[in-house]
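Just target.tsv here, TSV, C-alpha atoms and all ligand atoms:
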```tsv
chain	number	residue	atom	x	y	z
A	4	MET	CA	0.00	0.00	0.00
A	5	PRO	CA	1.63	3.27	-1.11
A	6	VAL	CA	2.61	5.71	1.63
A	7	LYS	CA	1.13	9.20	1.86
A	8	LEU	CA	3.01	12.35	0.86
A	9	GLU	CA	2.44	13.93	4.31
A	10	HIS	CA	4.03	10.90	5.90
A	11	VAL	CA	7.17	11.22	3.77
A	12	LEU	CA	7.38	15.00	4.24
A	13	LYS	CA	7.09	14.61	8.00
A	14	ARG	CA	10.11	12.32	7.93
A	15	VAL	CA	12.01	14.80	5.77
A	16	GLU	CA	11.37	17.46	8.41
A	17	THR	CA	12.80	15.27	11.16
A	18	LEU	CA	16.19	15.03	9.42
A	19	PRO	CA	18.87	17.21	11.05
A	20	ILE	CA	19.51	20.57	9.40
A	21	LEU	CA	22.99	21.52	8.23
A	22	PRO	CA	25.28	22.73	11.07
A	23	THR	CA	25.44	26.52	11.51
A	24	SER	CA	29.24	26.65	11.20
A	25	ALA	CA	29.07	24.93	7.80
A	26	THR	CA	26.25	27.20	6.60
A	27	ARG	CA	28.23	30.29	7.62
A	28	VAL	CA	31.34	29.09	5.78
A	29	MET	CA	29.29	28.24	2.69
A	30	ASN	CA	27.69	31.69	2.71
A	31	LEU	CA	31.10	33.39	2.91
A	32	THR	CA	32.41	31.39	-0.08
A	33	LYS	CA	29.58	32.74	-2.21
A	34	ASN	CA	30.95	36.28	-1.91
A	35	SER	CA	34.00	36.80	-4.12
A	36	ASP	CA	35.03	39.80	-1.97
A	37	THR	CA	35.54	37.59	1.07
A	38	ASP	CA	39.03	37.82	2.52
A	39	VAL	CA	41.00	34.55	2.33
A	40	ASN	CA	42.22	34.80	5.93
A	41	ALA	CA	38.74	35.64	7.24
A	42	LEU	CA	37.40	32.52	5.55
A	43	ALA	CA	40.26	30.36	6.87
A	44	ASP	CA	39.67	31.79	10.39
A	45	LEU	CA	35.97	30.98	10.27
A	46	ILE	CA	36.70	27.40	9.16
A	47	GLY	CA	39.28	27.13	11.93
A	48	GLN	CA	36.63	27.89	14.55
A	49	ASP	CA	35.13	24.47	13.88
A	50	PRO	CA	38.02	22.01	14.41
A	51	ALA	CA	36.14	19.04	12.95
A	52	LEU	CA	35.31	21.02	9.81
A	53	ALA	CA	38.90	22.29	9.53
A	54	ALA	CA	40.32	18.77	9.87
A	55	SER	CA	37.89	17.42	7.30
A	56	ILE	CA	38.71	20.12	4.74
A	57	LEU	CA	42.45	19.55	5.10
A	58	ARG	CA	42.03	15.78	4.87
A	59	GLN	CA	39.91	16.03	1.72
A	60	ALA	CA	42.21	18.63	0.13
A	61	ASN	CA	45.15	16.25	0.59
A	62	SER	CA	43.39	13.27	-0.98
A	63	ALA	CA	44.76	11.87	-4.22
A	64	PHE	CA	41.71	13.16	-6.07
A	65	TYR	CA	43.10	16.70	-6.00
A	66	GLY	CA	46.50	15.61	-7.18
A	67	TYR	CA	48.66	18.14	-5.34
A	68	ALA	CA	52.23	16.90	-5.14
A	69	ARG	CA	52.91	18.90	-2.01
A	70	ARG	CA	51.00	18.56	1.24
A	71	ILE	CA	48.47	21.32	1.90
A	72	ALA	CA	49.23	22.17	5.51
A	73	SER	CA	47.16	25.23	6.37
A	74	LEU	CA	43.58	26.32	5.85
A	75	ALA	CA	44.67	29.57	4.19
A	76	GLU	CA	46.75	27.55	1.74
A	77	ALA	CA	43.79	25.23	1.09
A	78	VAL	CA	41.52	28.23	0.40
A	79	VAL	CA	44.03	29.77	-2.04
A	80	LEU	CA	44.90	26.55	-3.86
A	81	LEU	CA	41.41	25.06	-4.08
A	82	GLY	CA	39.35	28.23	-4.44
A	83	PHE	CA	36.07	29.30	-2.87
A	84	GLN	CA	33.85	26.94	-4.86
A	85	THR	CA	35.79	23.86	-3.81
A	86	ILE	CA	35.88	25.02	-0.17
A	87	HIS	CA	32.10	25.35	-0.44
A	88	SER	CA	31.65	21.77	-1.62
A	89	LEU	CA	34.20	20.33	0.85
A	90	THR	CA	32.32	22.09	3.66
A	91	LEU	CA	29.01	20.61	2.55
A	92	SER	CA	30.68	17.23	2.30
A	93	ALA	CA	31.96	17.52	5.89
A	94	ALA	CA	28.48	18.58	7.05
A	95	VAL	CA	26.59	15.69	5.46
A	96	ALA	CA	29.16	12.95	6.17
A	97	PRO	CA	27.77	12.08	9.63
A	98	MET	CA	24.27	11.79	8.15
A	99	LEU	CA	25.37	9.57	5.29
A	100	LYS	CA	27.39	7.32	7.60
A	101	THR	CA	24.42	5.30	8.71
A	102	GLU	CA	23.37	1.72	8.19
A	103	LEU	CA	20.43	1.38	5.81
A	104	THR	CA	19.08	-2.14	6.14
A	105	GLY	CA	16.43	-1.65	3.43
A	106	TYR	CA	19.12	-1.10	0.82
A	107	SER	CA	21.60	-3.59	2.30
A	108	LEU	CA	24.06	-0.78	3.04
A	109	ASP	CA	26.41	-1.04	6.00
A	110	GLN	CA	27.37	2.00	8.08
A	111	GLU	CA	29.96	3.28	5.61
A	112	GLY	CA	28.16	2.11	2.47
A	113	LEU	CA	26.11	5.16	1.51
A	114	TRP	CA	28.93	7.55	2.48
A	115	LYS	CA	31.55	5.81	0.33
A	116	HIS	CA	29.20	5.51	-2.62
A	117	SER	CA	28.05	9.14	-2.36
A	118	LEU	CA	31.56	10.55	-2.01
A	119	LEU	CA	32.82	8.50	-4.94
A	120	VAL	CA	29.92	9.59	-7.18
A	121	GLY	CA	30.74	13.20	-6.23
A	122	LEU	CA	34.42	12.75	-7.07
A	123	ILE	CA	33.72	10.95	-10.35
A	124	SER	CA	31.17	13.62	-11.35
A	125	ARG	CA	33.75	16.34	-10.86
A	126	LYS	CA	36.32	14.35	-12.86
A	127	LEU	CA	33.83	13.74	-15.64
A	128	CYS	CA	33.16	17.48	-15.90
A	129	ARG	CA	36.87	18.17	-16.17
A	130	ARG	CA	37.25	15.60	-18.94
A	131	LEU	CA	34.25	16.98	-20.82
A	132	ARG	CA	35.38	20.56	-20.18
A	133	LEU	CA	32.14	21.44	-18.44
A	134	PRO	CA	32.52	24.39	-16.04
A	135	ILE	CA	30.16	22.86	-13.46
A	136	GLY	CA	32.60	20.62	-11.59
A	137	GLU	CA	31.82	21.80	-8.06
A	138	THR	CA	28.05	21.71	-8.52
A	139	ALA	CA	28.49	18.23	-9.96
A	140	PHE	CA	30.54	17.16	-6.92
A	141	THR	CA	27.82	18.41	-4.59
A	142	ALA	CA	25.01	16.82	-6.60
A	143	GLY	CA	26.92	13.54	-6.75
A	144	LEU	CA	27.54	13.63	-3.02
A	145	LEU	CA	23.84	14.14	-2.29
A	146	HIS	CA	22.26	12.12	-5.12
A	147	ASP	CA	21.09	9.14	-3.01
A	148	ILE	CA	20.25	11.08	0.16
A	149	GLY	CA	16.57	10.13	-0.27
A	150	LYS	CA	17.58	6.61	0.76
A	151	LEU	CA	17.88	7.89	4.34
A	152	ILE	CA	14.09	8.25	4.35
A	153	LEU	CA	13.03	5.54	1.92
A	154	SER	CA	15.08	2.73	3.45
A	155	ILE	CA	12.52	2.06	6.16
A	156	TYR	CA	9.76	1.57	3.58
A	157	VAL	CA	12.00	-0.55	1.34
A	158	GLN	CA	12.79	-2.71	4.33
A	159	GLU	CA	9.10	-3.47	4.78
A	160	VAL	CA	8.52	-4.53	1.16
A	161	GLY	CA	12.06	-5.55	0.10
A	162	GLY	CA	11.52	-9.15	-0.98
A	163	TYR	CA	8.22	-8.34	-2.68
A	164	LEU	CA	9.89	-5.47	-4.58
A	165	LEU	CA	12.65	-7.71	-5.92
A	166	LYS	CA	10.19	-10.40	-7.00
A	167	LYS	CA	8.03	-7.85	-8.81
A	168	ILE	CA	11.07	-6.37	-10.59
A	169	GLU	CA	11.88	-9.79	-11.98
A	170	GLN	CA	8.31	-10.43	-13.09
A	171	GLN	CA	7.57	-7.02	-14.58
A	172	LYS	CA	11.02	-6.13	-15.93
A	173	LEU	CA	10.94	-2.69	-14.33
A	174	SER	CA	13.84	-0.78	-12.84
A	175	TYR	CA	14.25	-0.56	-9.06
A	176	VAL	CA	13.26	3.10	-9.10
A	177	GLU	CA	10.11	2.40	-11.10
A	178	MET	CA	9.24	-0.32	-8.62
A	179	GLU	CA	9.83	1.99	-5.64
A	180	GLN	CA	7.32	4.39	-7.20
A	181	LYS	CA	4.82	1.64	-7.90
A	182	VAL	CA	4.97	-0.19	-4.59
A	183	ILE	CA	5.90	2.54	-2.10
A	184	GLY	CA	4.45	5.51	-3.97
A	185	PHE	CA	7.75	7.43	-4.05
A	186	ASP	CA	11.26	6.67	-5.22
A	187	HIS	CA	14.47	7.63	-3.41
A	188	ALA	CA	15.38	10.21	-6.09
A	189	THR	CA	12.13	12.16	-5.66
A	190	VAL	CA	12.45	12.03	-1.87
A	191	GLY	CA	16.08	13.19	-2.20
A	192	GLY	CA	14.74	16.23	-4.05
A	193	PHE	CA	12.37	16.94	-1.13
A	194	ILE	CA	15.33	16.88	1.30
A	195	ILE	CA	17.45	19.23	-0.84
A	196	LYS	CA	14.51	21.64	-1.07
A	197	HIS	CA	13.97	21.41	2.69
A	198	TRP	CA	17.62	22.44	3.18
A	199	ASN	CA	17.10	25.45	0.90
A	200	LEU	CA	19.82	24.33	-1.47
A	201	PRO	CA	19.64	25.69	-5.06
A	202	GLU	CA	17.03	24.51	-7.56
A	203	PRO	CA	19.55	22.90	-10.00
A	204	LEU	CA	20.51	20.51	-7.19
A	205	VAL	CA	16.87	19.66	-6.46
A	206	ASP	CA	16.25	18.96	-10.14
A	207	THR	CA	19.40	16.91	-10.71
A	208	ILE	CA	18.90	14.73	-7.66
A	209	THR	CA	15.24	14.18	-8.48
A	210	HIS	CA	16.17	12.96	-11.96
A	211	HIS	CA	19.45	11.11	-11.37
A	212	HIS	CA	18.09	7.79	-12.63
A	213	TYR	CA	16.15	9.25	-15.57
A	214	PRO	CA	18.20	12.34	-16.41
A	215	GLU	CA	16.43	12.84	-19.73
A	216	LYS	CA	13.41	13.95	-17.68
A	217	SER	CA	15.33	16.91	-16.27
A	218	LEU	CA	14.11	20.19	-17.75
A	219	VAL	CA	16.38	22.44	-15.68
A	220	GLU	CA	19.84	20.82	-15.76
A	221	PRO	CA	19.84	17.87	-18.19
A	222	VAL	CA	23.65	17.91	-18.64
A	223	LEU	CA	24.33	17.97	-14.90
A	224	ALA	CA	21.76	15.22	-14.34
A	225	ALA	CA	23.41	13.11	-17.07
A	226	VAL	CA	26.86	13.59	-15.45
A	227	ILE	CA	25.57	12.37	-12.08
A	228	HIS	CA	23.75	9.48	-13.73
A	229	VAL	CA	26.87	8.24	-15.53
A	230	ALA	CA	29.07	8.77	-12.45
A	231	ASN	CA	26.63	6.71	-10.39
A	232	VAL	CA	26.85	3.81	-12.85
A	233	LEU	CA	30.66	4.03	-12.87
A	234	ALA	CA	30.81	3.93	-9.06
A	235	ASN	CA	28.65	0.80	-9.14
A	236	ILE	CA	30.94	-0.80	-11.74
A	237	LEU	CA	33.92	0.02	-9.50
A	238	GLY	CA	32.23	-1.96	-6.76
A	239	VAL	CA	31.31	0.98	-4.54
A	240	GLY	CA	27.59	0.68	-4.99
A	241	GLY	CA	24.56	2.42	-3.59
A	242	GLY	CA	23.06	-0.80	-2.28
A	243	ILE	CA	20.71	-3.50	-3.40
A	244	ASP	CA	19.54	-1.44	-6.40
A	245	SER	CA	23.07	-0.86	-7.79
A	246	PHE	CA	22.59	-2.97	-10.90
A	247	LEU	CA	18.81	-2.74	-11.10
A	248	ASN	CA	18.75	0.86	-12.35
A	249	PRO	CA	20.19	0.67	-15.85
A	250	LEU	CA	22.44	3.14	-17.66
A	251	ARG	CA	20.38	5.45	-19.88
A	252	PRO	CA	21.91	5.60	-23.38
A	253	GLU	CA	20.40	9.10	-23.74
A	254	SER	CA	22.90	10.33	-21.12
A	255	LEU	CA	25.92	8.98	-23.00
A	256	ALA	CA	24.61	10.60	-26.18
A	257	LEU	CA	23.96	13.94	-24.49
A	258	LEU	CA	27.49	14.02	-23.03
A	259	LYS	CA	28.94	12.66	-26.30
A	260	LEU	CA	30.65	9.92	-24.31
A	261	LYS	CA	31.95	6.91	-26.18
A	262	GLU	CA	32.79	3.51	-24.84
A	263	GLU	CA	36.52	4.24	-25.03
A	264	ASP	CA	36.00	7.37	-22.89
A	265	ILE	CA	34.34	5.21	-20.24
A	266	ASP	CA	37.19	2.68	-20.37
A	267	LEU	CA	39.79	5.44	-19.96
A	268	LEU	CA	37.86	6.95	-17.09
A	269	LEU	CA	37.55	3.62	-15.32
A	270	ALA	CA	41.29	2.99	-15.66
A	271	ASP	CA	42.01	6.45	-14.30
A	272	LEU	CA	39.64	5.94	-11.39
A	273	GLY	CA	41.09	2.52	-10.64
A	274	ASP	CA	44.45	4.23	-9.98
A	275	LEU	CA	42.94	6.82	-7.67
A	276	MET	CA	40.99	4.19	-5.78
A	277	SER	CA	44.26	2.64	-4.68
A	278	ASP	CA	44.61	5.58	-2.26
A	279	PRO	CA	43.54	3.94	1.01
A	280	ASN	CA	42.47	7.28	2.48
A	281	ILE	CA	39.98	8.51	-0.10
A	282	PHE	CA	36.94	7.62	2.00
A	283	ASP	CA	38.24	9.05	5.29
A	301	FE	FE	19.98	6.48	-6.79
A	302	FE	FE	23.69	5.98	-6.32
```
Would you mind writing the file's structure down as structure tokens?
Amino acid sequence: MPVKLEHVLKRVETLPILPTSATRVMNLTKNSDTDVNALADLIGQDPALAASILRQANSAFYGYARRIASLAEAVVLLGFQTIHSLTLSAAVAPMLKTELTGYSLDQEGLWKHSLLVGLISRKLCRRLRLPIGETAFTAGLLHDIGKLILSIYVQEVGGYLLKKIEQQKLSYVEMEQKVIGFDHATVGGFIIKHWNLPEPLVDTITHHHYPEKSLVEPVLAAVIHVANVLANILGVGGGIDSFLNPLRPESLALLKLKEEDIDLLLADLGDLMSDPNIFD
């Protein structure tokens, strides 16, 4: 029996809001007149945030040969937009690090998958010369956040859902809609809206499994969609549905991605994945 919209929205409202320190840092990064040292000082007032930004900045994904030792240096080298997305990443990490039985995800499962999709999305933008790398990182990081809410419902109907998928040849997302009444992508969009994050993020997250339905940001949605599939191929999946939500050929066409591009990307990512600290 499908659940009611009010029921889902009530659950969305019970999710924690983003920490004030992170919101203040993110607001400062939006103003290009902000002083580098003022921004570094504000980050430094939240030791956990500061440590997380430095750790992320020094991960192999940024490729700096030299260690970034101070916050001011991180701000200068990475730029305001990247500091913005690393701050959001630090803020949502504790929420994403949670066991989701419905999706067969252990405590680190959703976090690792989300971070990797964010990192791949940014990389994909660089390769395709799309100037939306940081938005793509953020969208990738948050794409499956709806699972935090939907997992409980999936848990109730899990076996039935899987059986139906086999019988009716539908995707996992289509089955979530049919059986539960909502899919995790739509519910993810509700959460992003509830957090007052920008509309392109709401749209992209809502459509990450069917990016051709996006009317606002079809290219961004396609990037996240492809990155999600690549993360699953790399074995860092988003749970039980990892291989039950197929790759949309429309996305490859929109991004003009060929099979050899995908192979090169996977090889590249394989190297980076050998860094044991990327999911810290
Ligand atoms: Fe998803
Ligand atoms: Fe995913």
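With all atoms listed in the file as the atoms that count, the minimum distance from A:Lys216 to the choices A:Ile183, A:Pro97, A:Arg251, A:Ala142 is reached by A:Arg251.
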Extract, using all atoms listed in the file, all DNA, RNA and protein residues at most 7 Å from A:Val205, discarding same-chain residues fewer than 4 positions from it, and format them as a list in words. Gly192, Ile195, Lys196, Pro201 and Thr209 of chain A
Using all atoms listed in the file, can you tell me which of A:Leu200, A:Met29, A:Leu127, A:Leu255 comes closest to A:Gln84? A:Met29
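The two atoms in question, atom CA of A:Asp264 and atom CA of A:Cys128, are spaced 12.6 Å apart.
Between atom CA of A:Val11 and atom CA of A:Leu103 the interatomic distance comes to 16.6 Å.
Among all protein and nucleic acid residues, the ones that lie within 6 Å of ligand FE 302 (chain A) when counting only C-alpha atoms and all ligand atoms are Asp147, Asn231 and Gly241 of chain A.
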Taking all atoms of stretch 46-59 of chain A that appear in the file, build a box with edges along x, y and z, extend it by 8 Å on every side, and state its centre and edge lengths in Å to one decimal, as lines of an AutoDock Vina configuration file.
```
center_x = 38.8
center_y = 21.8
center_z = 8.1
size_x = 23.3
size_y = 28.1
size_z = 28.8
```
Just the residues within 10 Å of A:Glu102, please, counting all atoms listed in the file, with nothing from its chain fewer than 5 positions along; format it as an MDAnalysis selection string. chainID A and resid 107:114 151 154
Write out N, CA and C atoms for stretch 90-112 of chain A, as a PDB file, keeping the file's coordinate frame.
```pdb
ATOM      1  N   THR A  90      33.022  21.779   2.415  1.00  0.00           N
ATOM      2  CA  THR A  90      32.320  22.090   3.660  1.00  0.00           C
ATOM      3  C   THR A  90      30.992  21.332   3.716  1.00  0.00           C
ATOM      4  N   LEU A  91      30.286  21.338   2.588  1.00  0.00           N
ATOM      5  CA  LEU A  91      29.010  20.610   2.550  1.00  0.00           C
ATOM      6  C   LEU A  91      29.262  19.114   2.763  1.00  0.00           C
ATOM      7  N   SER A  92      30.333  18.645   2.153  1.00  0.00           N
ATOM      8  CA  SER A  92      30.680  17.230   2.300  1.00  0.00           C
ATOM      9  C   SER A  92      30.941  16.871   3.766  1.00  0.00           C
ATOM     10  N   ALA A  93      31.687  17.751   4.463  1.00  0.00           N
ATOM     11  CA  ALA A  93      31.960  17.520   5.890  1.00  0.00           C
ATOM     12  C   ALA A  93      30.657  17.539   6.695  1.00  0.00           C
ATOM     13  N   ALA A  94      29.736  18.427   6.289  1.00  0.00           N
ATOM     14  CA  ALA A  94      28.480  18.580   7.050  1.00  0.00           C
ATOM     15  C   ALA A  94      27.550  17.379   6.876  1.00  0.00           C
ATOM     16  N   VAL A  95      27.536  16.793   5.676  1.00  0.00           N
ATOM     17  CA  VAL A  95      26.590  15.690   5.460  1.00  0.00           C
ATOM     18  C   VAL A  95      27.191  14.312   5.781  1.00  0.00           C
ATOM     19  N   ALA A  96      28.521  14.251   5.915  1.00  0.00           N
ATOM     20  CA  ALA A  96      29.160  12.950   6.170  1.00  0.00           C
ATOM     21  C   ALA A  96      28.535  12.188   7.342  1.00  0.00           C
ATOM     22  N   PRO A  97      28.344  12.847   8.504  1.00  0.00           N
ATOM     23  CA  PRO A  97      27.770  12.080   9.630  1.00  0.00           C
ATOM     24  C   PRO A  97      26.372  11.532   9.329  1.00  0.00           C
ATOM     25  N   MET A  98      25.620  12.274   8.498  1.00  0.00           N
ATOM     26  CA  MET A  98      24.270  11.790   8.150  1.00  0.00           C
ATOM     27  C   MET A  98      24.329  10.598   7.210  1.00  0.00           C
ATOM     28  N   LEU A  99      25.271  10.645   6.285  1.00  0.00           N
ATOM     29  CA  LEU A  99      25.370   9.570   5.290  1.00  0.00           C
ATOM     30  C   LEU A  99      25.996   8.307   5.883  1.00  0.00           C
ATOM     31  N   LYS A 100      26.756   8.485   6.984  1.00  0.00           N
ATOM     32  CA  LYS A 100      27.390   7.320   7.600  1.00  0.00           C
ATOM     33  C   LYS A 100      26.399   6.626   8.516  1.00  0.00           C
ATOM     34  N   THR A 101      25.446   5.972   7.916  1.00  0.00           N
ATOM     35  CA  THR A 101      24.420   5.300   8.710  1.00  0.00           C
ATOM     36  C   THR A 101      24.000   4.013   8.003  1.00  0.00           C
ATOM     37  N   GLU A 102      23.745   2.999   8.793  1.00  0.00           N
ATOM     38  CA  GLU A 102      23.370   1.720   8.190  1.00  0.00           C
ATOM     39  C   GLU A 102      21.950   1.803   7.643  1.00  0.00           C
ATOM     40  N   LEU A 103      21.763   1.364   6.400  1.00  0.00           N
ATOM     41  CA  LEU A 103      20.430   1.380   5.810  1.00  0.00           C
ATOM     42  C   LEU A 103      20.056  -0.054   5.416  1.00  0.00           C
ATOM     43  N   THR A 104      19.382  -0.718   6.327  1.00  0.00           N
ATOM     44  CA  THR A 104      19.080  -2.140   6.140  1.00  0.00           C
ATOM     45  C   THR A 104      18.259  -2.377   4.876  1.00  0.00           C
ATOM     46  N   GLY A 105      17.295  -1.477   4.601  1.00  0.00           N
ATOM     47  CA  GLY A 105      16.430  -1.650   3.430  1.00  0.00           C
ATOM     48  C   GLY A 105      17.223  -1.815   2.151  1.00  0.00           C
ATOM     49  N   TYR A 106      18.301  -1.054   2.038  1.00  0.00           N
ATOM     50  CA  TYR A 106      19.120  -1.100   0.820  1.00  0.00           C
ATOM     51  C   TYR A 106      20.345  -1.999   0.954  1.00  0.00           C
ATOM     52  N   SER A 107      20.427  -2.745   2.030  1.00  0.00           N
ATOM     53  CA  SER A 107      21.600  -3.590   2.300  1.00  0.00           C
ATOM     54  C   SER A 107      22.896  -2.774   2.305  1.00  0.00           C
ATOM     55  N   LEU A 108      22.859  -1.620   2.946  1.00  0.00           N
ATOM     56  CA  LEU A 108      24.060  -0.780   3.040  1.00  0.00           C
ATOM     57  C   LEU A 108      24.564  -0.785   4.472  1.00  0.00           C
ATOM     58  N   ASP A 109      25.858  -1.077   4.648  1.00  0.00           N
ATOM     59  CA  ASP A 109      26.410  -1.040   6.000  1.00  0.00           C
ATOM     60  C   ASP A 109      26.682   0.422   6.386  1.00  0.00           C
ATOM     61  N   GLN A 110      27.253   0.633   7.563  1.00  0.00           N
ATOM     62  CA  GLN A 110      27.370   2.000   8.080  1.00  0.00           C
ATOM     63  C   GLN A 110      28.161   2.951   7.196  1.00  0.00           C
ATOM     64  N   GLU A 111      29.136   2.414   6.457  1.00  0.00           N
ATOM     65  CA  GLU A 111      29.960   3.280   5.610  1.00  0.00           C
ATOM     66  C   GLU A 111      29.482   3.263   4.159  1.00  0.00           C
ATOM     67  N   GLY A 112      28.537   2.369   3.861  1.00  0.00           N
ATOM     68  CA  GLY A 112      28.160   2.110   2.470  1.00  0.00           C
ATOM     69  C   GLY A 112      27.682   3.327   1.703  1.00  0.00           C
TER      70      GLY A 112
END
```
